[in-house]
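Here is the file my_file_9.tsv (TSV, C-alpha atoms and all ligand atoms).
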chain	number	residue	atom	x	y	z
P	1	MET	CA	-10.69	16.32	21.06
P	2	PHE	CA	-13.41	17.43	18.64
P	3	PRO	CA	-12.59	18.27	15.02
P	4	ALA	CA	-12.80	21.86	13.82
P	5	ALA	CA	-16.11	22.61	12.06
P	6	PHE	CA	-16.36	21.44	8.44
P	7	ASP	CA	-18.98	21.04	5.72
P	8	TYR	CA	-19.83	17.47	4.73
P	9	ARG	CA	-20.98	16.29	1.31
P	10	ALA	CA	-21.62	12.73	0.16
P	11	PRO	CA	-22.09	13.03	-3.62
P	12	ALA	CA	-23.96	10.27	-5.44
P	13	THR	CA	-21.75	10.33	-8.55
P	14	LEU	CA	-18.06	10.54	-9.31
P	15	ASN	CA	-18.66	13.58	-11.51
P	16	ASP	CA	-20.33	15.45	-8.63
P	17	ALA	CA	-17.43	14.58	-6.32
P	18	LEU	CA	-14.87	15.73	-8.90
P	19	GLY	CA	-16.86	18.94	-9.43
P	20	LEU	CA	-16.71	19.70	-5.69
P	21	LEU	CA	-12.94	19.11	-5.62
P	22	ALA	CA	-12.41	21.30	-8.71
P	23	GLU	CA	-14.39	24.09	-7.00
P	24	ARG	CA	-12.94	23.84	-3.49
P	25	GLY	CA	-9.35	22.64	-4.22
P	26	ASP	CA	-7.08	22.73	-1.17
P	27	ASP	CA	-10.03	23.51	1.17
P	28	ALA	CA	-11.52	20.04	0.56
P	29	LYS	CA	-10.48	16.55	1.61
P	30	VAL	CA	-11.64	13.23	0.19
P	31	MET	CA	-12.87	10.66	2.71
P	32	ALA	CA	-13.09	6.92	1.94
P	33	GLY	CA	-13.20	4.70	5.07
P	34	GLY	CA	-12.26	7.58	7.39
P	35	GLN	CA	-9.98	5.34	9.46
P	36	SER	CA	-7.00	7.66	9.13
P	37	LEU	CA	-8.73	10.92	8.22
P	38	ILE	CA	-11.11	11.02	11.19
P	39	PRO	CA	-8.30	10.64	13.78
P	40	LEU	CA	-6.41	13.40	11.93
P	41	LEU	CA	-9.47	15.67	12.11
P	42	LYS	CA	-9.98	14.93	15.80
P	43	LEU	CA	-6.37	15.77	16.57
P	44	ARG	CA	-6.73	18.86	14.35
P	45	PHE	CA	-3.72	17.83	12.29
P	46	ALA	CA	-6.06	18.33	9.33
P	47	GLN	CA	-8.65	21.12	9.25
P	48	PRO	CA	-10.35	20.99	5.84
P	49	GLN	CA	-13.40	23.20	5.30
P	50	LEU	CA	-15.14	20.47	3.31
P	51	ILE	CA	-15.17	16.67	3.52
P	52	VAL	CA	-16.13	14.91	0.29
P	53	ASP	CA	-17.27	11.44	1.34
P	54	ILE	CA	-16.89	9.12	-1.67
P	55	GLY	CA	-18.45	6.15	0.17
P	56	ARG	CA	-21.77	6.28	-1.73
P	57	ILE	CA	-20.38	6.54	-5.25
P	58	PRO	CA	-21.31	3.44	-7.26
P	59	GLY	CA	-18.78	1.39	-9.23
P	60	LEU	CA	-15.76	1.93	-6.96
P	61	ALA	CA	-15.99	-1.22	-4.81
P	62	ASP	CA	-15.04	-3.87	-7.38
P	63	VAL	CA	-12.03	-6.11	-7.87
P	64	LYS	CA	-11.77	-6.98	-11.55
P	65	ARG	CA	-9.36	-8.12	-14.24
P	66	ASP	CA	-8.52	-5.38	-16.67
P	67	ASP	CA	-6.03	-5.57	-19.56
P	68	GLY	CA	-3.31	-7.68	-17.91
P	69	HIS	CA	-3.95	-6.12	-14.51
P	70	VAL	CA	-6.14	-6.65	-11.50
P	71	ARG	CA	-7.98	-3.43	-10.73
P	72	ILE	CA	-8.94	-2.70	-7.14
P	73	GLY	CA	-11.53	0.05	-6.80
P	74	ALA	CA	-11.21	2.95	-4.37
P	75	LEU	CA	-13.88	1.55	-2.04
P	76	VAL	CA	-12.44	-1.97	-1.73
P	77	ARG	CA	-11.87	-2.33	2.02
P	78	HIS	CA	-9.20	-4.36	3.78
P	79	VAL	CA	-11.88	-6.90	4.76
P	80	ASP	CA	-12.89	-7.30	1.10
P	81	VAL	CA	-9.29	-8.31	0.35
P	82	GLU	CA	-9.44	-10.87	3.16
P	83	ARG	CA	-12.56	-12.42	1.61
P	84	SER	CA	-11.70	-12.13	-2.08
P	85	LYS	CA	-11.32	-15.48	-3.82
P	86	ASP	CA	-10.12	-13.65	-6.96
P	87	LEU	CA	-7.31	-11.88	-5.10
P	88	ALA	CA	-6.35	-15.12	-3.33
P	89	LYS	CA	-5.74	-16.55	-6.80
P	90	LEU	CA	-4.42	-13.49	-8.64
P	91	VAL	CA	-2.43	-11.61	-5.97
P	92	PRO	CA	-2.00	-13.99	-2.99
P	93	LEU	CA	0.54	-11.62	-1.43
P	94	MET	CA	-2.29	-9.16	-0.66
P	95	VAL	CA	-4.41	-11.79	1.05
P	96	GLU	CA	-1.45	-12.98	3.13
P	97	ALA	CA	-0.57	-9.43	4.14
P	98	VAL	CA	-4.01	-8.07	4.99
P	99	HIS	CA	-4.13	-9.89	8.34
P	100	TRP	CA	-1.19	-7.78	9.45
P	101	ILE	CA	-3.15	-4.56	9.04
P	102	ALA	CA	-4.70	-2.99	12.14
P	103	ASP	CA	-7.63	-4.89	13.68
P	104	PRO	CA	-11.00	-6.16	12.42
P	105	LEU	CA	-12.77	-2.86	13.24
P	106	VAL	CA	-10.37	-0.83	11.10
P	107	ARG	CA	-10.27	-3.51	8.39
P	108	ASN	CA	-14.07	-3.36	8.14
P	109	ARG	CA	-14.03	0.29	7.06
P	110	GLY	CA	-10.54	1.25	5.84
P	111	THR	CA	-9.75	0.93	2.14
P	112	VAL	CA	-6.63	-0.22	0.29
P	113	VAL	CA	-6.57	2.86	-1.95
P	114	GLY	CA	-7.24	5.19	1.01
P	115	SER	CA	-4.34	3.63	2.81
P	116	VAL	CA	-2.00	4.19	-0.15
P	117	CYS	CA	-3.24	7.80	-0.58
P	118	HIS	CA	-2.70	8.42	3.14
P	119	ALA	CA	1.01	7.72	2.49
P	120	ASP	CA	1.91	6.83	6.05
P	121	PRO	CA	5.54	5.58	5.97
P	122	SER	CA	4.37	2.96	8.51
P	123	GLY	CA	1.44	1.88	6.33
P	124	ASP	CA	1.60	-1.67	5.01
P	125	TRP	CA	-0.17	-1.37	1.65
P	126	GLY	CA	2.31	1.19	0.31
P	127	SER	CA	5.27	-1.14	0.47
P	128	ILE	CA	3.21	-4.07	-0.79
P	129	MET	CA	2.21	-1.98	-3.81
P	130	LEU	CA	5.88	-1.00	-4.35
P	131	ALA	CA	6.80	-4.71	-4.44
P	132	LEU	CA	3.94	-5.39	-6.85
P	133	ASN	CA	4.81	-2.41	-9.10
P	134	ALA	CA	1.24	-1.15	-8.92
P	135	GLU	CA	-0.14	2.05	-10.42
P	136	LEU	CA	-2.81	4.48	-9.20
P	137	VAL	CA	-5.63	5.59	-11.47
P	138	ALA	CA	-6.42	9.24	-10.72
P	139	GLN	CA	-9.42	11.14	-12.02
P	140	SER	CA	-10.23	14.86	-12.08
P	141	THR	CA	-12.63	17.00	-14.11
P	142	LYS	CA	-9.75	17.32	-16.60
P	143	GLY	CA	-9.55	13.56	-17.22
P	144	GLU	CA	-7.75	10.45	-16.03
P	145	ARG	CA	-4.06	9.77	-15.48
P	146	VAL	CA	-2.17	6.68	-14.38
P	147	ILE	CA	0.56	7.19	-11.76
P	148	PRO	CA	3.21	4.51	-11.16
P	149	ILE	CA	3.57	3.75	-7.46
P	150	ASP	CA	7.33	4.24	-7.73
P	151	GLY	CA	7.53	8.03	-7.28
P	152	PHE	CA	3.96	8.41	-5.92
P	153	PHE	CA	5.15	8.94	-2.32
P	154	GLU	CA	6.81	12.36	-2.01
P	155	GLY	CA	7.28	12.39	1.76
P	156	PRO	CA	5.47	11.42	4.95
P	157	PHE	CA	1.70	11.73	4.27
P	158	THR	CA	2.42	13.44	0.93
P	159	THR	CA	1.88	12.12	-2.58
P	160	THR	CA	1.85	13.40	-6.15
P	161	LEU	CA	-1.97	13.26	-6.17
P	162	ARG	CA	-3.43	16.75	-6.82
P	163	SER	CA	-6.09	18.23	-4.56
P	164	ASP	CA	-8.65	18.12	-7.41
P	165	GLU	CA	-8.07	14.38	-8.01
P	166	ILE	CA	-9.67	11.21	-6.67
P	167	ALA	CA	-7.76	7.94	-6.90
P	168	THR	CA	-10.47	5.73	-8.36
P	169	ALA	CA	-8.46	2.49	-8.34
P	170	ILE	CA	-5.09	0.83	-7.96
P	171	ARG	CA	-3.94	-1.53	-10.72
P	172	ILE	CA	-1.54	-4.43	-10.20
P	173	PRO	CA	0.15	-6.06	-13.21
P	174	LEU	CA	-0.53	-9.79	-13.40
P	175	PRO	CA	2.54	-12.03	-13.74
P	176	SER	CA	3.01	-13.96	-16.98
P	177	GLY	CA	5.11	-16.74	-15.39
P	178	SER	CA	5.17	-18.46	-12.02
P	179	ALA	CA	5.26	-15.90	-9.24
P	180	GLY	CA	5.17	-15.73	-5.47
P	181	GLY	CA	5.27	-13.15	-2.73
P	182	SER	CA	5.51	-12.74	1.01
P	183	TYR	CA	5.07	-10.12	3.73
P	184	HIS	CA	7.02	-10.15	6.98
P	185	LYS	CA	6.14	-7.66	9.71
P	186	LEU	CA	7.61	-7.05	13.13
P	187	GLU	CA	5.16	-5.32	15.48
P	188	ARG	CA	5.08	-4.75	19.23
P	189	LYS	CA	1.60	-6.20	19.61
P	190	VAL	CA	-1.19	-7.44	17.38
P	191	GLY	CA	-2.77	-4.59	15.41
P	192	ASP	CA	0.18	-2.23	15.81
P	193	PHE	CA	1.97	-0.38	13.04
P	194	ALA	CA	5.22	-2.01	11.92
P	195	THR	CA	8.54	-1.62	13.66
P	196	VAL	CA	9.86	-2.96	10.35
P	197	ALA	CA	8.12	-4.82	7.55
P	198	VAL	CA	9.24	-6.09	4.16
P	199	SER	CA	7.20	-7.08	1.15
P	200	VAL	CA	8.69	-9.29	-1.56
P	201	GLN	CA	7.36	-10.42	-4.94
P	202	VAL	CA	9.30	-12.46	-7.53
P	203	GLU	CA	8.40	-13.73	-10.96
P	204	LEU	CA	10.46	-16.57	-12.42
P	205	ASP	CA	11.52	-17.50	-15.93
P	206	GLY	CA	12.52	-21.14	-15.50
P	207	HIS	CA	14.70	-21.06	-12.38
P	208	LYS	CA	15.84	-17.47	-12.85
P	209	VAL	CA	14.27	-14.27	-11.58
P	210	LYS	CA	12.54	-12.30	-14.35
P	211	LYS	CA	10.99	-9.59	-12.16
P	212	ALA	CA	11.56	-8.72	-8.52
P	213	GLY	CA	9.87	-6.26	-6.18
P	214	ILE	CA	10.92	-5.36	-2.64
P	215	GLY	CA	8.99	-2.79	-0.58
P	216	MET	CA	9.96	-1.64	2.92
P	217	THR	CA	7.72	-0.30	5.71
P	218	SER	CA	8.64	2.00	8.63
P	219	VAL	CA	12.28	2.40	7.63
P	220	GLY	CA	12.21	5.79	5.91
P	221	ALA	CA	10.25	8.99	5.35
P	222	THR	CA	8.04	7.05	2.93
P	223	ASN	CA	7.50	3.39	2.10
P	224	LEU	CA	10.69	2.57	0.19
P	225	LYS	CA	11.48	0.43	-2.84
P	226	ALA	CA	14.79	-1.46	-2.52
P	227	LYS	CA	15.84	-0.87	-6.12
P	228	GLN	CA	19.47	-2.00	-5.87
P	229	ALA	CA	18.41	-5.23	-4.19
P	230	GLU	CA	15.75	-5.83	-6.85
P	231	LYS	CA	18.33	-5.26	-9.61
P	232	ALA	CA	20.76	-7.72	-7.99
P	233	LEU	CA	18.14	-10.50	-8.30
P	234	ILE	CA	17.25	-10.15	-11.99
P	235	GLY	CA	18.60	-12.97	-14.17
P	236	HIS	CA	19.81	-15.02	-11.21
P	237	GLU	CA	18.65	-18.20	-9.53
P	238	LEU	CA	17.58	-17.56	-5.94
P	239	LYS	CA	20.54	-19.35	-4.37
P	240	ASP	CA	21.69	-18.52	-0.83
P	241	ASP	CA	24.51	-16.18	-1.92
P	242	VAL	CA	22.21	-14.19	-4.26
P	243	ILE	CA	19.57	-13.91	-1.54
P	244	ALA	CA	22.16	-12.83	1.05
P	245	GLU	CA	23.55	-10.13	-1.28
P	246	ALA	CA	20.08	-8.74	-2.05
P	247	ALA	CA	19.23	-8.70	1.66
P	248	LYS	CA	22.43	-6.77	2.40
P	249	LEU	CA	21.66	-4.24	-0.35
P	250	ALA	CA	18.09	-3.72	0.88
P	251	ALA	CA	19.33	-3.11	4.43
P	252	ALA	CA	21.77	-0.52	3.05
P	253	GLU	CA	18.93	1.17	1.12
P	254	SER	CA	16.69	1.45	4.20
P	255	GLU	CA	16.80	4.71	6.17
P	256	PRO	CA	15.38	3.95	9.62
P	257	LYS	CA	15.70	6.19	12.69
P	258	ASP	CA	16.15	5.34	16.36
P	259	ASP	CA	12.80	5.55	18.14
P	260	ILE	CA	10.79	3.84	20.89
P	261	ARG	CA	10.38	0.80	18.65
P	262	GLY	CA	14.11	0.15	18.26
P	263	THR	CA	17.44	1.49	17.11
P	264	ALA	CA	18.22	2.24	13.48
P	265	ALA	CA	20.89	-0.49	13.47
P	266	TYR	CA	18.40	-3.08	14.77
P	267	LYS	CA	15.81	-2.09	12.15
P	268	LYS	CA	18.35	-2.29	9.33
P	269	ASP	CA	19.27	-5.78	10.44
P	270	MET	CA	15.59	-6.75	10.55
P	271	VAL	CA	15.27	-5.56	6.94
P	272	ARG	CA	18.14	-7.89	6.03
P	273	VAL	CA	16.55	-10.81	7.89
P	274	PHE	CA	13.08	-10.19	6.40
P	275	VAL	CA	14.39	-9.87	2.83
P	276	GLN	CA	16.15	-13.22	3.25
P	277	ARG	CA	13.10	-14.91	4.72
P	278	GLY	CA	10.81	-13.17	2.24
P	279	LEU	CA	12.76	-14.25	-0.82
P	280	LYS	CA	12.90	-17.86	0.37
P	281	ALA	CA	9.13	-17.88	1.02
P	282	ALA	CA	8.39	-16.16	-2.30
P	283	LEU	CA	10.54	-18.69	-4.16
P	284	ALA	CA	8.78	-21.62	-2.48
P	285	ARG	CA	5.38	-20.15	-3.44
P	286	ALA	CA	6.44	-19.48	-7.03
P	287	GLN	CA	7.61	-23.10	-7.27
P	288	GLU	CA	4.28	-24.34	-5.82
P	289	VAL	CA	2.41	-22.37	-8.49
P	290	ARG	CA	4.53	-24.05	-11.18
P	291	ALA	CA	4.16	-27.55	-9.73
P	301	LIG	C1	-6.18	1.83	15.32
P	301	LIG	C2	-5.64	1.85	13.92
P	301	LIG	C3	-4.63	0.95	13.59
P	301	LIG	C4	-4.13	0.93	12.29
P	301	LIG	N1	-3.15	0.03	11.98
P	301	LIG	C5	-2.65	-0.02	10.72
P	301	LIG	C6	-1.64	-0.96	10.36
P	301	LIG	O1	-1.21	-1.80	11.16
P	301	LIG	N2	-1.18	-0.93	9.09
P	301	LIG	C7	-1.66	-0.04	8.15
P	301	LIG	O2	-1.20	-0.07	7.00
P	301	LIG	N3	-2.62	0.84	8.47
P	301	LIG	C8	-3.13	0.88	9.72
P	301	LIG	N4	-4.12	1.80	10.02
P	301	LIG	C9	-4.61	2.72	8.97
P	301	LIG	C10	-5.78	2.08	8.25
P	301	LIG	O3	-5.29	1.03	7.43
P	301	LIG	C11	-6.64	3.04	7.36
P	301	LIG	O4	-7.73	2.33	6.95
P	301	LIG	C12	-6.05	3.52	6.09
P	301	LIG	O5	-4.87	4.15	6.35
P	301	LIG	C13	-6.88	4.60	5.39
P	301	LIG	O6	-7.91	4.10	4.62
P	301	LIG	P1	-9.33	4.85	4.65
P	301	LIG	O7	-10.15	4.30	3.55
P	301	LIG	O8	-9.90	4.76	6.02
P	301	LIG	O9	-8.91	6.35	4.26
P	301	LIG	P2	-9.39	7.74	4.89
P	301	LIG	O10	-9.12	7.79	6.35
P	301	LIG	O11	-10.77	8.04	4.45
P	301	LIG	O12	-8.39	8.74	4.11
P	301	LIG	C14	-7.02	8.75	4.40
P	301	LIG	C15	-6.32	9.81	3.53
P	301	LIG	O13	-6.32	9.41	2.15
P	301	LIG	C16	-7.08	10.31	1.34
P	301	LIG	N5	-7.89	9.48	0.45
P	301	LIG	C17	-8.59	8.36	0.81
P	301	LIG	N6	-9.12	7.77	-0.27
P	301	LIG	C18	-8.78	8.57	-1.33
P	301	LIG	C19	-9.05	8.48	-2.72
P	301	LIG	N7	-9.75	7.47	-3.25
P	301	LIG	N8	-8.56	9.45	-3.53
P	301	LIG	C20	-7.82	10.46	-3.01
P	301	LIG	N9	-7.52	10.58	-1.69
P	301	LIG	C21	-8.00	9.64	-0.87
P	301	LIG	C22	-7.91	11.15	2.31
P	301	LIG	O14	-8.16	12.45	1.80
P	301	LIG	C23	-7.02	11.17	3.54
P	301	LIG	O15	-6.03	12.17	3.38
P	301	LIG	C24	-4.65	1.84	11.30
P	301	LIG	C25	-5.65	2.75	11.64
P	301	LIG	C26	-6.15	2.74	12.93
P	301	LIG	C27	-7.25	3.72	13.27

Could you rewrite the structure in this file as structure tokens?
Amino acid sequence: MFPAAFDYRAPATLNDALGLLAERGDDAKVMAGGQSLIPLLKLRFAQPQLIVDIGRIPGLADVKRDDGHVRIGALVRHVDVERSKDLAKLVPLMVEAVHWIADPLVRNRGTVVGSVCHADPSGDWGSIMLALNAELVAQSTKGERVIPIDGFFEGPFTTTLRSDEIATAIRIPLPSGSAGGSYHKLERKVGDFATVAVSVQVELDGHKVKKAGIGMTSVGATNLKAKQAEKALIGHELKDDVIAEAAKLAAAESEPKDDIRGTAAYKKDMVRVFVQRGLKAALARAQEVRA
């Protein structure tokens, strides 16, 4: 199918892009890599009158350290994560997970921030960012605001981002102690969206968990944060009984539905299995970092 007619602008500066959004509001749509937006236009699920392509705006394609965080600009593509030596050192979970996303063609154009803004409950980056306790940096003509990822997803394909805002970056807090993460994804074939996936990040203080993040993919109306399971880990050593209890809590917090990929009961059990495996892998990596 062909998209409905739309105007196309590719502003050369962020200010010009923000000006267009302020003027056109709900009639306009931001485009980054276009890997999700273009299919939506073709299917006519989205029919904006104006596309604001941010792909030529300078200064949005960097990964840099920034005040205790790593800042990933809005034009950092999946493939840039794959190749980033800085991210491999600073946020290894992202580099492990990126291979699970789509295929090389999509990874060459799609962006991390675009993926989070797209808010697909089956998207992988959303749950990874929930585990990492990331925050979005949003800019409009009225100024900048920082939005914690927890609460950013309002529903399927819906976020708290306003129509006059551009997410210019996502910021991930850097751990102060030894930390490790893992991403486990069940998919029907390579490049597919998840049947279930679980992202885990732990930070240790000695042998005990200081911070824990667990994000879940494809088991709810949005990517979900397993808050009860995270809470059950804090202050404890990651022994088998603690891990098993957290895995049980995360499964209880997931809200999957029966569909062609599997039954809700099966998906809940996969959450339990992946949280267990994920925590064990994350612990091993955190211990490697310390060694
Ligand atoms: C065949 C195929 C397989 C895929 N498989 C997977 C998969 O396994 N896992 C997965 O996670 N994803 C998958 N995807 C989605 C892919 O990762 C997209 O790249 C990603 O969802 C969107 O990034 P983008 O830069 O292309 O965003 P776009 O398509 O340009 O935009 C997506 C949405 O986000 C908004 N947006 C984008 N950037 C911004 C910004 N900076 N500020 C405000 N709003 C913004 C747009 O307005 C639009 O609504 C797949 C896509 C395809 C086509």

Show me, as JSON lines, the residues of region 187-250 of chain P having an atom within 7 Å of region 161-179 of chain P, each with the closest atom pair and its distance in Å, using only C-alpha atoms.
{"residue": "P:Val202", "atom": "CA", "partner": "P:Ala179", "partner_atom": "CA", "distance": 5.6}
{"residue": "P:Glu203", "atom": "CA", "partner": "P:Ala179", "partner_atom": "CA", "distance": 4.2}
{"residue": "P:Leu204", "atom": "CA", "partner": "P:Ser178", "partner_atom": "CA", "distance": 5.6}
{"residue": "P:Asp205", "atom": "CA", "partner": "P:Gly177", "partner_atom": "CA", "distance": 6.5}

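Distance-wise, atom C5 of ligand LIG 301 (chain P) and CA of Phe193 (chain P) end up 5.2 Å apart.
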
**OP:** Pick out the residues sitting within 9 Å of region 57-63 of chain P, and hand them over as a ChimeraX atom specification; count all atoms listed in the file, and ignore anything fewer than 2 positions along from it in its own chain.
**Re:** /P:10-14,17,53-55,65,70-77,81,84,86-87,168-169

**OP:** Could you report the residues within 8 Å of ligand LIG 301 (chain P), using only C-alpha atoms and all ligand atoms, as a ChimeraX atom specification?
**Re:** /P:29-39,53-54,74-75,77-78,100-103,106-107,109-120,122-126,138,157,161,165-169,191-194

Subject >> Distance of CA of Leu43 (chain P) from CA of Phe2 (chain P), expressed in Å to one decimal place >> reply: 7.5 Å

**OP:** May I have the residues within 10 Å of Thr160 (chain P) as a PyMOL selection string, using all atoms listed in the file and disregarding those fewer than 4 positions away in the same chain?
**Re:** chain P and resi 117+147+149+151-155

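All residues that come within 8 Å of the coordinates (-15.2, 17.7, 4.7), counting all atoms listed in the file, are given as Phe6, Asp7, Tyr8, Arg9, Ala28, Lys29, Val30, Met31, Pro48, Gln49, Leu50, Ile51, Val52 and Asp53 of chain P.
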
**OP:** Within 9 Å of region 220-231 of chain P, counting all atoms listed in the file, which residues show up once you throw out same-chain ones fewer than 4 positions away? Write them as a ChimeraX atom specification, please.
**Re:** /P:119-124,126-127,130-131,150,153-158,211-216,235,245-257

I'd like the box whose edges run along x, y and z of the file and which contains every listed atom of region 69-81 of chain P, padded by 3 Å per side; could you state its centre and edge lengths in Å, one decimal, as lines of an AutoDock Vina configuration file?
center_x = -8.9
center_y = -2.7
center_z = -4.9
size_x = 15.9
size_y = 17.3
size_z = 25.3

**OP:** Would you kindly return, as number ranges by chain, each protein, DNA or RNA residue with an atom no farther than 7 Å from any atom of His184 (chain P), considering only C-alpha atoms and excluding same-chain residues fewer than 2 positions away?
**Re:** P: 182, 186, 197-199, 274, 278

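Using only C-alpha atoms, the nearest neighbour of Leu233 (chain P) within the list P:Thr263, P:Ser218, P:Gln201, P:Asn15 is P:Gln201.
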
Original post:
In terms of the shortest atom-to-atom distance over all atoms listed in the file, which of P:Val242, P:Ala264, P:Val289, P:Leu18 is closest to Glu144 (chain P)?
Top reply: P:Leu18

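CA of Pro148 (chain P) is found 24.6 Å from CA of Ala286 (chain P).
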
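Ranking P:Arg261, P:Lys42, P:His207, P:Lys267 by their shortest atom-to-atom distance to Leu283 (chain P), with all atoms listed in the file included, puts P:His207 first.
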